[in-house]
Amino acid sequence: MTTTGDQGGILAQLDKRSATSFYWYLALLATVGGFLFGYDSSNIGSVLGFIPYHLSPLAQGIVVSGASLGAAIGAFGAGFLTDRFGRKSLLLIDAGIYALGALLSAFAVNAEMLVGARILIGLAIGADSAIATAYIAEFAPANRRGALSIIQQWMITIGILGSYIVAIIVLLAAPQAASTIDWRLMLGLGAIPALIGLLLRSKMPESPRWLMLRGRYPQTQKALGVLGIEVTEAEVKETAEMLAAEERASKRTTLWTPGVKRALLIVCVFFGFQQITGINIPFYYGPQLLSGLFSGPHSDAVHVAVAGVEAATILAVVNVIATFFAFRYIDKVGRRPLALGAYAGMALFILIGAGGIAFLQGPARIVVVMVGFALFITCFAIGVGGTGWLIQGEVFPTAVRGRAAAIGATVDWIANYALILIFPVAQASIGLAGVMVAFAVLCVFAILFIARFLPETKELTVEEVIALFERQATGQPARV
């Protein structure tokens with residue numbers, strides 16, 4: 001039985017508990033949307049060459065980026081809804097939207113319907129990206145919050161890999177149906193994990209921090225019991241009242257304090273760099289881009305496409321493996337050092353890939369480009385991908401976490417949408433090598449930003465992270 005002798009003895013227990021297998025299971029359920037995010041955002045690259053509609057470079061960008069546009073809308077709308085109705089409710093709705101969008105994609109009768117279905121999928125992608133890590137941060141122990149939150153990024157990588165494996169199987173099984181049945185099947189199969197996720201998420205407990213904030217003491221008691229913390233309703237009420245009294249004593253006129261605003265700005269800029277440095281180009285357009293390395297004057301279109309998907313699959317495997325190292329080091333090394341090192345590596349290796357594109361031919365070109373892309377992705381996976389979703393979930397107060405995280409996710413998806421939309425045009429204008437050099441320059445700017453503004457937050461409780469940003473915003477000394 002816990003006591004409440006210090007600020008939120010209940011919250012202290014949440015922060016100090018061991019991460020049991022049940023905590024990992026909850027994190028996996030929360031990030032089912034991450035798998036669907038990866039699958040549904042990357043499968044379009046495998047089917048792009050077989051969609052039976054004429055697409056100009058701009059129209060191609062619209063089809064591929066449709067999910068990102070929907071994600072920006074979904075992330076923004078999820079903020080108010082998750083703070084009002086809870087984390088679990090929105091996660092359930094998202095899974096249903098994923099399933100519907102996948103089925104509509106499979107039965108699309110024209111490009112307009114396909115774009116509409118992709119935007120619908122995007123709504124779920126965006127909402128899930130705004131909610132999942134916020135939900136995890138509200139129950140995760142402080143010393144394992146990083147690893148639990150990075151499951152979101154790991155699930156994204158598995159979803160990407162899964163989409164490529166499905167594409168290879170379908171295309172090899174029925175190559176003659178690539179432009180009729182295959183591409184529809186590859187898009188529609190995303191409904192299956194979405195429906196499984198819907199069923200499993202119905203058993204999740206609601207966030208205890210959110211329930212306490214809403215004054216739902218019996219439900220808080222029950223949710224804490226599921227997490228292995230046995231308390232009385234009176235103790236829950238005492239902790240909630242203590243937190244409310246401390247907030248009133250602070251004489252804050254708004255929950256959007258200088259520290260919260262500073263944290264939001266940093267998260268938004270971090271997310272912007274996460275996208276505009278180019279990580280999703282190999283995954284959204286990878287099969288199409290890489291197939292060009294294997295094509296020849298007498299190449300069969302389906303076999304060339306399969307070769308491109310196989311090359312993209314290798315990169316997806318690298319992504320999954322590299323993300324495992326983020327699990328190992330994010331709570332040991334810290335968010336800030338990993339991000340700085342990762343962007344430096346990304347800048348170097350994307351330049352190597354650009355050199356392969358610009359100056360080499362034949363097998364040497366394939367090897368250098370694949371190695372450059374693989375190491376670029378490795379650096380991103382270890383120090384950038386999961387770090388963005390982690391800080392999004394851990395730097396905001398519970399009362400505004402949903403809305404603030406949603407704003408950050410919205411910026412992420414707007415940046416993603418803009419990049420994916422203009423990439424075909426940029427490639428046609430300055431070439432793939434030129435675009436890759438631009439990504440390297442943006443990585444350097446990301447390094448400068450992180451070195452100047454991002455503090456270290458490893459092993460701090462959620463409340464301590466919030467206090468750190470408040471001290472920074474008011475010019476007080478802050479540990480970095």
# chains A, B, ... in the order shown; residues from 1 in each chain; ligands from 1
call {"tool": "residues_around", "arguments": {"residues": "segment 208-220 of chain A", "least_positions_apart": "3", "cutoff": "10 Å", "atoms": "only C-alpha atoms", "output": "ChimeraX atom specification"}}
result
/A:10-11,14,82-87,135,137-139,205,223-227,231-241,243-244,398-399,401-402
call {"tool": "write_last_selection", "arguments": {"atoms": "N, CA and C atoms", "output": "tab-separated table (two decimals), in the first residue's frame"}}
result
chain	number	residue	atom	x	y	z
A	10	ILE	N	1.93	8.44	-5.02
A	10	ILE	CA	1.46	7.53	-6.07
A	10	ILE	C	2.26	7.73	-7.35
A	11	LEU	N	2.46	9.00	-7.71
A	11	LEU	CA	3.23	9.28	-8.92
A	11	LEU	C	4.68	8.85	-8.75
A	14	LEU	N	4.86	5.27	-9.51
A	14	LEU	CA	4.84	5.05	-10.97
A	14	LEU	C	6.23	5.28	-11.56
A	82	THR	N	-7.91	14.07	-27.11
A	82	THR	CA	-7.31	13.18	-26.12
A	82	THR	C	-7.29	13.80	-24.74
A	83	ASP	N	-7.14	15.12	-24.65
A	83	ASP	CA	-7.21	15.76	-23.33
A	83	ASP	C	-8.64	15.77	-22.80
A	84	ARG	N	-9.60	15.74	-23.70
A	84	ARG	CA	-11.00	15.79	-23.27
A	84	ARG	C	-11.55	14.39	-22.98
A	85	PHE	N	-11.25	13.42	-23.84
A	85	PHE	CA	-11.88	12.11	-23.73
A	85	PHE	C	-10.91	11.00	-23.29
A	86	GLY	N	-9.63	11.29	-23.18
A	86	GLY	CA	-8.68	10.29	-22.71
A	86	GLY	C	-7.84	9.69	-23.81
A	87	ARG	N	-6.74	9.07	-23.39
A	87	ARG	CA	-5.79	8.51	-24.36
A	87	ARG	C	-6.34	7.23	-24.98
A	135	TYR	N	0.83	8.71	-23.88
A	135	TYR	CA	0.24	7.66	-23.03
A	135	TYR	C	1.33	6.89	-22.30
A	137	ALA	N	4.42	7.81	-21.59
A	137	ALA	CA	5.12	8.65	-20.62
A	137	ALA	C	4.35	8.79	-19.32
A	138	GLU	N	3.03	8.63	-19.36
A	138	GLU	CA	2.21	8.83	-18.17
A	138	GLU	C	2.12	7.59	-17.29
A	139	PHE	N	2.69	6.45	-17.69
A	139	PHE	CA	2.75	5.31	-16.78
A	139	PHE	C	4.15	4.72	-16.67
A	205	PRO	N	-5.60	-0.22	-19.84
A	205	PRO	CA	-6.08	0.73	-18.84
A	205	PRO	C	-5.89	2.16	-19.35
A	223	ALA	N	-7.04	1.67	-12.56
A	223	ALA	CA	-5.93	1.70	-13.52
A	223	ALA	C	-4.59	1.44	-12.83
A	224	LEU	N	-4.40	2.03	-11.65
A	224	LEU	CA	-3.18	1.81	-10.90
A	224	LEU	C	-3.07	0.35	-10.46
A	225	GLY	N	-4.19	-0.25	-10.11
A	225	GLY	CA	-4.20	-1.66	-9.73
A	225	GLY	C	-3.73	-2.54	-10.87
A	226	VAL	N	-4.17	-2.21	-12.10
A	226	VAL	CA	-3.73	-2.97	-13.27
A	226	VAL	C	-2.22	-2.86	-13.45
A	227	LEU	N	-1.68	-1.70	-13.08
A	227	LEU	CA	-0.24	-1.47	-13.19
A	227	LEU	C	0.53	-2.01	-11.99
A	231	VAL	N	-3.74	1.12	-4.13
A	231	VAL	CA	-3.99	2.32	-3.33
A	231	VAL	C	-5.47	2.42	-3.03
A	232	THR	N	-5.81	3.25	-2.04
A	232	THR	CA	-7.21	3.50	-1.75
A	232	THR	C	-7.68	4.72	-2.53
A	233	GLU	N	-8.96	4.84	-2.69
A	233	GLU	CA	-9.51	6.01	-3.38
A	233	GLU	C	-9.17	7.28	-2.63
A	234	ALA	N	-9.12	7.20	-1.30
A	234	ALA	CA	-8.78	8.38	-0.50
A	234	ALA	C	-7.36	8.84	-0.79
A	235	GLU	N	-6.45	7.89	-0.97
A	235	GLU	CA	-5.06	8.25	-1.28
A	235	GLU	C	-4.96	8.89	-2.67
A	236	VAL	N	-5.73	8.36	-3.61
A	236	VAL	CA	-5.75	8.96	-4.94
A	236	VAL	C	-6.24	10.40	-4.86
A	237	LYS	N	-7.33	10.60	-4.11
A	237	LYS	CA	-7.90	11.93	-3.98
A	237	LYS	C	-6.92	12.88	-3.29
A	238	GLU	N	-6.23	12.38	-2.27
A	238	GLU	CA	-5.26	13.22	-1.56
A	238	GLU	C	-4.14	13.68	-2.47
A	239	THR	N	-3.63	12.76	-3.29
A	239	THR	CA	-2.56	13.11	-4.22
A	239	THR	C	-3.05	14.12	-5.25
A	240	ALA	N	-4.24	13.90	-5.79
A	240	ALA	CA	-4.79	14.82	-6.79
A	240	ALA	C	-4.99	16.21	-6.20
A	241	GLU	N	-5.51	16.28	-4.98
A	241	GLU	CA	-5.74	17.58	-4.34
A	241	GLU	C	-4.42	18.28	-4.04
A	243	LEU	N	-1.62	18.00	-5.77
A	243	LEU	CA	-1.10	18.54	-7.02
A	243	LEU	C	-1.86	19.79	-7.45
A	244	ALA	N	-3.18	19.78	-7.26
A	244	ALA	CA	-3.99	20.95	-7.61
A	244	ALA	C	-3.63	22.14	-6.74
A	398	THR	N	0.79	17.09	-17.65
A	398	THR	CA	-0.33	16.22	-17.99
A	398	THR	C	-1.52	17.00	-18.52
A	399	ALA	N	-1.79	18.16	-17.93
A	399	ALA	CA	-2.99	18.92	-18.29
A	399	ALA	C	-3.02	19.34	-19.75
A	401	ARG	N	-0.61	17.90	-22.05
A	401	ARG	CA	0.27	17.00	-22.80
A	401	ARG	C	-0.34	16.59	-24.13
A	402	GLY	N	-1.63	16.27	-24.11
A	402	GLY	CA	-2.26	15.84	-25.35
A	402	GLY	C	-2.22	16.92	-26.41
call {"tool": "select_by_dssp", "arguments": {"residues": "segment 37-278 of chain A", "states": "helix (DSSP H, G or I)", "output": "PyMOL selection string"}}
result
chain A and resi 37-50+57-85+87-106+111-137+142-149+151-173+175-188+191-201+208-213+217-226+233-249+258-276
call {"tool": "residues_around", "arguments": {"residues": "Gln476 of chain A", "least_positions_apart": "6", "cutoff": "12 Å", "atoms": "only C-alpha atoms", "output": "JSON, numbers by chain"}}
result
{"A": [259, 467, 468, 469, 470]}
call {"tool": "closest_residue", "arguments": {"among": "A:Val368, A:Ala142, A:Thr323, A:Glu459", "to": "Ala12 of chain A", "atoms": "only C-alpha atoms"}}
result
A:Ala142
call {"tool": "residues_around", "arguments": {"residues": "Gly101 of chain A", "least_positions_apart": "4", "cutoff": "9 Å", "atoms": "only C-alpha atoms", "output": "PDB file with C-alpha atoms, in the first residue's frame"}}
result
ATOM      1  CA  GLY A  96     -10.759   1.510 -36.623  1.00  0.00           C
ATOM      2  CA  ILE A  97      -9.846   4.364 -38.965  1.00  0.00           C
ATOM      3  CA  SER A 105      -7.380   2.060 -50.621  1.00  0.00           C
ATOM      4  CA  ALA A 106      -7.729  -1.508 -51.853  1.00  0.00           C
ATOM      5  CA  GLY A 116      -8.936  10.269 -50.140  1.00  0.00           C
ATOM      6  CA  ALA A 117      -8.302   6.840 -48.599  1.00  0.00           C
ATOM      7  CA  ARG A 118      -4.665   7.728 -47.997  1.00  0.00           C
ATOM      8  CA  ILE A 119      -5.711  10.935 -46.251  1.00  0.00           C
ATOM      9  CA  LEU A 120      -8.105   8.913 -44.063  1.00  0.00           C
ATOM     10  CA  ILE A 121      -5.267   6.578 -43.085  1.00  0.00           C
ATOM     11  CA  GLY A 122      -3.213   9.664 -42.383  1.00  0.00           C
ATOM     12  CA  ALA A 124      -5.165   7.769 -37.801  1.00  0.00           C
ATOM     13  CA  GLY A 188      -5.667  -3.646 -48.247  1.00  0.00           C
ATOM     14  CA  GLY A 190      -3.081  -3.253 -43.609  1.00  0.00           C
ATOM     15  CA  ALA A 191      -6.651  -3.709 -42.345  1.00  0.00           C
TER      16      ALA A 191
END
call {"tool": "decode", "arguments": {"residues": "segment 425-468 of chain A", "atoms": "N, CA and C atoms", "output": "PDB file, in the first residue's frame"}}
result
ATOM      1  N   VAL A 425       9.461  16.691 -57.722  1.00  0.00           N
ATOM      2  CA  VAL A 425       9.770  17.910 -58.470  1.00  0.00           C
ATOM      3  C   VAL A 425      11.228  18.308 -58.260  1.00  0.00           C
ATOM      4  N   ALA A 426      11.701  18.234 -56.992  1.00  0.00           N
ATOM      5  CA  ALA A 426      13.090  18.590 -56.687  1.00  0.00           C
ATOM      6  C   ALA A 426      14.056  17.647 -57.386  1.00  0.00           C
ATOM      7  N   GLN A 427      13.728  16.375 -57.389  1.00  0.00           N
ATOM      8  CA  GLN A 427      14.591  15.394 -58.056  1.00  0.00           C
ATOM      9  C   GLN A 427      14.669  15.669 -59.553  1.00  0.00           C
ATOM     10  N   ALA A 428      13.526  16.001 -60.144  1.00  0.00           N
ATOM     11  CA  ALA A 428      13.513  16.310 -61.572  1.00  0.00           C
ATOM     12  C   ALA A 428      14.296  17.575 -61.875  1.00  0.00           C
ATOM     13  N   SER A 429      14.367  18.486 -60.905  1.00  0.00           N
ATOM     14  CA  SER A 429      15.018  19.779 -61.117  1.00  0.00           C
ATOM     15  C   SER A 429      16.530  19.719 -60.904  1.00  0.00           C
ATOM     16  N   ILE A 430      16.966  19.187 -59.748  1.00  0.00           N
ATOM     17  CA  ILE A 430      18.403  19.225 -59.417  1.00  0.00           C
ATOM     18  C   ILE A 430      19.021  17.837 -59.311  1.00  0.00           C
ATOM     19  N   GLY A 431      18.243  16.798 -59.540  1.00  0.00           N
ATOM     20  CA  GLY A 431      18.771  15.445 -59.496  1.00  0.00           C
ATOM     21  C   GLY A 431      18.801  14.880 -58.085  1.00  0.00           C
ATOM     22  N   LEU A 432      18.832  13.568 -57.991  1.00  0.00           N
ATOM     23  CA  LEU A 432      18.827  12.912 -56.684  1.00  0.00           C
ATOM     24  C   LEU A 432      20.057  13.266 -55.867  1.00  0.00           C
ATOM     25  N   ALA A 433      21.221  13.314 -56.498  1.00  0.00           N
ATOM     26  CA  ALA A 433      22.450  13.657 -55.779  1.00  0.00           C
ATOM     27  C   ALA A 433      22.367  15.058 -55.185  1.00  0.00           C
ATOM     28  N   GLY A 434      21.816  16.000 -55.944  1.00  0.00           N
ATOM     29  CA  GLY A 434      21.676  17.363 -55.433  1.00  0.00           C
ATOM     30  C   GLY A 434      20.751  17.437 -54.237  1.00  0.00           C
ATOM     31  N   VAL A 435      19.655  16.687 -54.273  1.00  0.00           N
ATOM     32  CA  VAL A 435      18.730  16.650 -53.137  1.00  0.00           C
ATOM     33  C   VAL A 435      19.424  16.069 -51.909  1.00  0.00           C
ATOM     34  N   MET A 436      20.234  15.046 -52.102  1.00  0.00           N
ATOM     35  CA  MET A 436      20.928  14.419 -50.974  1.00  0.00           C
ATOM     36  C   MET A 436      21.947  15.365 -50.343  1.00  0.00           C
ATOM     37  N   VAL A 437      22.623  16.157 -51.150  1.00  0.00           N
ATOM     38  CA  VAL A 437      23.546  17.166 -50.608  1.00  0.00           C
ATOM     39  C   VAL A 437      22.774  18.176 -49.766  1.00  0.00           C
ATOM     40  N   ALA A 438      21.593  18.569 -50.224  1.00  0.00           N
ATOM     41  CA  ALA A 438      20.763  19.493 -49.445  1.00  0.00           C
ATOM     42  C   ALA A 438      20.394  18.886 -48.092  1.00  0.00           C
ATOM     43  N   PHE A 439      20.113  17.579 -48.066  1.00  0.00           N
ATOM     44  CA  PHE A 439      19.815  16.910 -46.796  1.00  0.00           C
ATOM     45  C   PHE A 439      21.008  16.993 -45.836  1.00  0.00           C
ATOM     46  N   ALA A 440      22.217  16.822 -46.367  1.00  0.00           N
ATOM     47  CA  ALA A 440      23.413  16.893 -45.525  1.00  0.00           C
ATOM     48  C   ALA A 440      23.558  18.274 -44.890  1.00  0.00           C
ATOM     49  N   VAL A 441      23.303  19.310 -45.669  1.00  0.00           N
ATOM     50  CA  VAL A 441      23.387  20.680 -45.140  1.00  0.00           C
ATOM     51  C   VAL A 441      22.362  20.877 -44.019  1.00  0.00           C
ATOM     52  N   LEU A 442      21.171  20.368 -44.200  1.00  0.00           N
ATOM     53  CA  LEU A 442      20.138  20.493 -43.172  1.00  0.00           C
ATOM     54  C   LEU A 442      20.512  19.724 -41.904  1.00  0.00           C
ATOM     55  N   CYS A 443      21.216  18.610 -42.042  1.00  0.00           N
ATOM     56  CA  CYS A 443      21.697  17.870 -40.869  1.00  0.00           C
ATOM     57  C   CYS A 443      22.654  18.729 -40.038  1.00  0.00           C
ATOM     58  N   VAL A 444      23.489  19.508 -40.699  1.00  0.00           N
ATOM     59  CA  VAL A 444      24.413  20.393 -39.991  1.00  0.00           C
ATOM     60  C   VAL A 444      23.634  21.437 -39.199  1.00  0.00           C
ATOM     61  N   PHE A 445      22.599  22.008 -39.792  1.00  0.00           N
ATOM     62  CA  PHE A 445      21.764  22.965 -39.057  1.00  0.00           C
ATOM     63  C   PHE A 445      21.090  22.306 -37.857  1.00  0.00           C
ATOM     64  N   ALA A 446      20.692  21.042 -37.998  1.00  0.00           N
ATOM     65  CA  ALA A 446      20.083  20.319 -36.885  1.00  0.00           C
ATOM     66  C   ALA A 446      21.071  20.180 -35.729  1.00  0.00           C
ATOM     67  N   ILE A 447      22.332  19.904 -36.031  1.00  0.00           N
ATOM     68  CA  ILE A 447      23.364  19.795 -34.999  1.00  0.00           C
ATOM     69  C   ILE A 447      23.481  21.108 -34.228  1.00  0.00           C
ATOM     70  N   LEU A 448      23.516  22.203 -34.945  1.00  0.00           N
ATOM     71  CA  LEU A 448      23.645  23.519 -34.291  1.00  0.00           C
ATOM     72  C   LEU A 448      22.452  23.798 -33.382  1.00  0.00           C
ATOM     73  N   PHE A 449      21.262  23.441 -33.828  1.00  0.00           N
ATOM     74  CA  PHE A 449      20.073  23.666 -33.014  1.00  0.00           C
ATOM     75  C   PHE A 449      20.097  22.835 -31.730  1.00  0.00           C
ATOM     76  N   ILE A 450      20.399  21.547 -31.847  1.00  0.00           N
ATOM     77  CA  ILE A 450      20.397  20.660 -30.674  1.00  0.00           C
ATOM     78  C   ILE A 450      21.469  21.096 -29.679  1.00  0.00           C
ATOM     79  N   ALA A 451      22.646  21.437 -30.169  1.00  0.00           N
ATOM     80  CA  ALA A 451      23.728  21.858 -29.285  1.00  0.00           C
ATOM     81  C   ALA A 451      23.354  23.097 -28.490  1.00  0.00           C
ATOM     82  N   ARG A 452      22.554  23.944 -29.085  1.00  0.00           N
ATOM     83  CA  ARG A 452      22.200  25.205 -28.416  1.00  0.00           C
ATOM     84  C   ARG A 452      20.972  25.083 -27.513  1.00  0.00           C
ATOM     85  N   PHE A 453      19.983  24.283 -27.879  1.00  0.00           N
ATOM     86  CA  PHE A 453      18.696  24.384 -27.204  1.00  0.00           C
ATOM     87  C   PHE A 453      18.195  23.119 -26.485  1.00  0.00           C
ATOM     88  N   LEU A 454      18.619  21.932 -26.877  1.00  0.00           N
ATOM     89  CA  LEU A 454      18.013  20.729 -26.300  1.00  0.00           C
ATOM     90  C   LEU A 454      18.729  20.303 -25.020  1.00  0.00           C
ATOM     91  N   PRO A 455      18.050  20.310 -23.864  1.00  0.00           N
ATOM     92  CA  PRO A 455      18.676  19.851 -22.621  1.00  0.00           C
ATOM     93  C   PRO A 455      18.602  18.330 -22.504  1.00  0.00           C
ATOM     94  N   GLU A 456      19.414  17.778 -21.616  1.00  0.00           N
ATOM     95  CA  GLU A 456      19.360  16.346 -21.355  1.00  0.00           C
ATOM     96  C   GLU A 456      18.269  16.044 -20.320  1.00  0.00           C
ATOM     97  N   THR A 457      17.470  15.037 -20.581  1.00  0.00           N
ATOM     98  CA  THR A 457      16.339  14.717 -19.693  1.00  0.00           C
ATOM     99  C   THR A 457      16.351  13.274 -19.210  1.00  0.00           C
ATOM    100  N   LYS A 458      17.397  12.522 -19.486  1.00  0.00           N
ATOM    101  CA  LYS A 458      17.401  11.110 -19.086  1.00  0.00           C
ATOM    102  C   LYS A 458      17.367  10.979 -17.564  1.00  0.00           C
ATOM    103  N   GLU A 459      16.627   9.977 -17.096  1.00  0.00           N
ATOM    104  CA  GLU A 459      16.480   9.604 -15.691  1.00  0.00           C
ATOM    105  C   GLU A 459      15.732  10.640 -14.855  1.00  0.00           C
ATOM    106  N   LEU A 460      15.204  11.681 -15.468  1.00  0.00           N
ATOM    107  CA  LEU A 460      14.377  12.631 -14.739  1.00  0.00           C
ATOM    108  C   LEU A 460      12.924  12.165 -14.769  1.00  0.00           C
ATOM    109  N   THR A 461      12.180  12.445 -13.707  1.00  0.00           N
ATOM    110  CA  THR A 461      10.748  12.166 -13.736  1.00  0.00           C
ATOM    111  C   THR A 461      10.073  13.150 -14.672  1.00  0.00           C
ATOM    112  N   VAL A 462       8.842  12.857 -15.045  1.00  0.00           N
ATOM    113  CA  VAL A 462       8.102  13.765 -15.923  1.00  0.00           C
ATOM    114  C   VAL A 462       8.028  15.152 -15.298  1.00  0.00           C
ATOM    115  N   GLU A 463       7.754  15.197 -13.998  1.00  0.00           N
ATOM    116  CA  GLU A 463       7.636  16.488 -13.317  1.00  0.00           C
ATOM    117  C   GLU A 463       8.971  17.228 -13.276  1.00  0.00           C
ATOM    118  N   GLU A 464      10.081  16.501 -13.120  1.00  0.00           N
ATOM    119  CA  GLU A 464      11.398  17.134 -13.118  1.00  0.00           C
ATOM    120  C   GLU A 464      11.764  17.677 -14.494  1.00  0.00           C
ATOM    121  N   VAL A 465      11.359  16.981 -15.553  1.00  0.00           N
ATOM    122  CA  VAL A 465      11.605  17.469 -16.912  1.00  0.00           C
ATOM    123  C   VAL A 465      10.877  18.786 -17.134  1.00  0.00           C
ATOM    124  N   ILE A 466       9.627  18.852 -16.692  1.00  0.00           N
ATOM    125  CA  ILE A 466       8.836  20.077 -16.840  1.00  0.00           C
ATOM    126  C   ILE A 466       9.498  21.229 -16.097  1.00  0.00           C
ATOM    127  N   ALA A 467       9.965  20.956 -14.869  1.00  0.00           N
ATOM    128  CA  ALA A 467      10.633  21.994 -14.078  1.00  0.00           C
ATOM    129  C   ALA A 467      11.922  22.457 -14.751  1.00  0.00           C
ATOM    130  N   LEU A 468      12.637  21.549 -15.404  1.00  0.00           N
ATOM    131  CA  LEU A 468      13.869  21.903 -16.111  1.00  0.00           C
ATOM    132  C   LEU A 468      13.595  22.934 -17.195  1.00  0.00           C
TER     133      LEU A 468
END
